[in-house]
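Enquirer: This is the structure I want to talk about, given as structure tokens.
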Amino acid sequence: MCTYKLQDYLKEYSKLPLIKTGKDIVTFNEIREKSDVYFKELAILEGKRVAVVPFPSPETITLLCALIRLNSQIVLLSPFDPPSLIHNYVNEIQISVLFCEDKYLDKYKDIPIPVLPIKKIGDINPYCISGKRKINTYETGEKSTFVILTSGSSSSPKKVVLSLNNLLTNAHYSNKNLPFQQGDTWLLSLPLFHVSGLSIFFRSIESGGTVFIPPENIRWWEVSLPVGITHISVVSTVMKRLLNRERYFLGKNLKGILLGGGPIPEGIVYDCYNLGLPLYTTYGLTEMASQVTTSCSNDSLSHLLTSGKPLSPDTVKIDEEGGILVRGPCRFQGYLHENTLEQPFDNEGWFATQDIGSWTMDGYLKVLGRRDNVFICGGENIQPEVIENQIMSSGCVNRVIVVPMKNEEYGYIPVAFVEYSEGKTENDLKNYLRERISGIKIPRYFFSFPEEFEGKGIKISRKKLTEWLYKDKERTGM
């Protein structure tokens, strides 16, 4: 368990670069000194619940450091959420002030609390954030906490409360397993409002490594990797695009490719292994502050086809029904619900993830899918992740999500949302699947991803896509 305070890390690595952008280098000490200014400016927010719409920038990182020192309860919100939803969160979570980029100020002008620009904190009048709003804070035993909204498979986001210690401990175990150290640079390839992006920052804080922030409005996976990048975190869709575009250049400087965020197609693992890429497959969740299991350096192909080993002992087990349970120092504090902290843990501290899995003979975890994703088609249990794995392995698509659609004859049938690879067609994909899975598992319909779901974070909700099917019956012939 980590006992360092944030300031200890900032002082220990003071001369090292914490942040790199396309233009600037910012040291740990510079972040510490600037966070001192923010700390004094925002002292009135000590212990308060505040929201941040965290666009990646040195100023955002500085603000987060200052709020941590102020023992604030930091609610991270997505810039892709509409103002009406942010308004609901403000009232429901009882937020006292919201920080955002200048460009979002007009978007949130009707929010009934002070909305302040991150980059102009030095000009803020402290009286405008005097904290008139009374907040009944939850008790976690930890001072500074983050609240991260994660929908999982449900429509209403769960509000996961993580302590600073949860995040630093996960970073410690991650850096120990996938070496990340001084002189290394991890691309901030995932959003800061997700635990996957936030954890990159904490791995740098814990190790003295550097975070590289890509230029604004640049889809980094559509251009060459910035010079000097040694580590990246990616989901399968992005990894496939990287392999399609610059497969023979990925191994030149990279020391680690952390691949997770959902089911990992076997075809991608084969490609990475055959190219000799430094691949680490992983399974994690917001409730465990990011990684739970991860493969190891120089693992065999069979090991890379799993989700790896537990990062720390006695933190993962599988129950009699195949459910994955987790616990330990990275486990979250609970769910924030109506201003109370719900702690869905058993007497031994185990949390039921709703994922299902199994162990290999040598202690590697295989994640089979979500228990609540299973549906019945003609009397047969269908696990969508199994179908998705086969579709991705075909080489015909860049991404896919399989969902159930009501059917009078079978109860439910599988349908797929796909983005085809260049030159590939539905017939190519069906011909591939006919040779590998039973006919009842082959999706009856193939749809393109609706435009309304594009550009809204790293994951598209399976539940939202299912709901989309039923908005217009003519769309699916139902």
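Each chain in the structure tokens gets a letter, A, B and so on, in the order shown; residues start at 1 in every chain, and ligands are counted from 1 in the order they appear.
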Excluding same-chain residues fewer than 4 positions from His87 (chain A), what lies within 12 Å of it counting only C-alpha atoms, as a list in words?
Expert: Ala51, Leu77, Asp81, Pro82, Pro83, Asn91, Glu92, Ile93, Gln94, Ile95, Val97, Leu98, Lys107, Tyr108, Lys109, Asp110, Ile111, Pro112, Ile113 and Val115 of chain A
Enquirer: Using backbone DSSP assignments, extract all alpha helix (DSSP H) residues from region 166-390 of chain A; output them as a ChimeraX atom specification.
Expert: /A:166-177,195-207,236-246,266-274,301-304,384-390
Enquirer: Of the candidates A:Ser312, A:Cys396, A:Lys159, A:Ser174, which one gets nearest to Glu342 (chain A) if we count only C-alpha atoms?
Expert: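 Using only C-alpha atoms, Glu342 (chain A) sits closest to A:Lys159.
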Enquirer: One decimal, Å: what's the distance from CA of Val195 (chain A) over to CA of Thr286 (chain A), could you say?
Expert: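 For CA of Val195 (chain A) relative to CA of Thr286 (chain A), the distance reads 5.8 Å.
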Enquirer: Which polymer residues have any atom within 7 Å of an atom of Leu63 (chain A), counting only C-alpha atoms, with same-chain residues fewer than 4 positions away left out, as a count of residues only?
Expert: 4
Enquirer: For CA of Val397 (chain A) and CA of Ser421 (chain A), quote the distance in Å rounded to one decimal.
Expert: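 For CA of Val397 (chain A) relative to CA of Ser421 (chain A), the distance reads 4.6 Å.
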Enquirer: Extract, using only C-alpha atoms, all DNA, RNA and protein residues at most 9 Å from Gln7 (chain A), discarding same-chain residues fewer than 5 positions from it, and format them as a list in words.
Expert: Glu12, Arg32, Cys65 and Arg69 of chain A
Enquirer: Could you name the residues that touch Leu70 (chain A) at 10 Å or less, counting only C-alpha atoms, but leaving out those on the same chain fewer than 2 positions away, as a PyMOL selection string?
Expert: chain A and resi 38-40+42-48+64-68+72-73+143-144
Enquirer: Report as JSON lines the residues of region 146-213 of chain A within 12 Å of region 266-283 of chain A, each with its shortest atom pair and distance in Å (one decimal), using only C-alpha atoms, ordered by chain and increasing residue number.
Expert:
{"residue": "A:Ser174", "atom": "CA", "partner": "A:Thr282", "partner_atom": "CA", "distance": 10.5}
{"residue": "A:Asn177", "atom": "CA", "partner": "A:Tyr280", "partner_atom": "CA", "distance": 9.6}
{"residue": "A:Leu178", "atom": "CA", "partner": "A:Tyr280", "partner_atom": "CA", "distance": 7.8}
{"residue": "A:Pro179", "atom": "CA", "partner": "A:Tyr280", "partner_atom": "CA", "distance": 11.2}
{"residue": "A:Ser196", "atom": "CA", "partner": "A:Tyr283", "partner_atom": "CA", "distance": 11.3}
Enquirer: Mind the document's chain letters and residue numbers, and return as a PyMOL selection string the residues of region 297-376 of chain A that DSSP labels strand (DSSP E).
Expert: chain A and resi 309-310+316-318+323-326+334-337+340-342+351-359+365-370+375-376
Enquirer: Could you tell me how far CA of Val75 (chain A) lies from CA of Leu162 (chain A), in Å and to one decimal?
Expert: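 Atom-to-atom, CA of Val75 (chain A) and CA of Leu162 (chain A) are spaced 10.4 Å apart.
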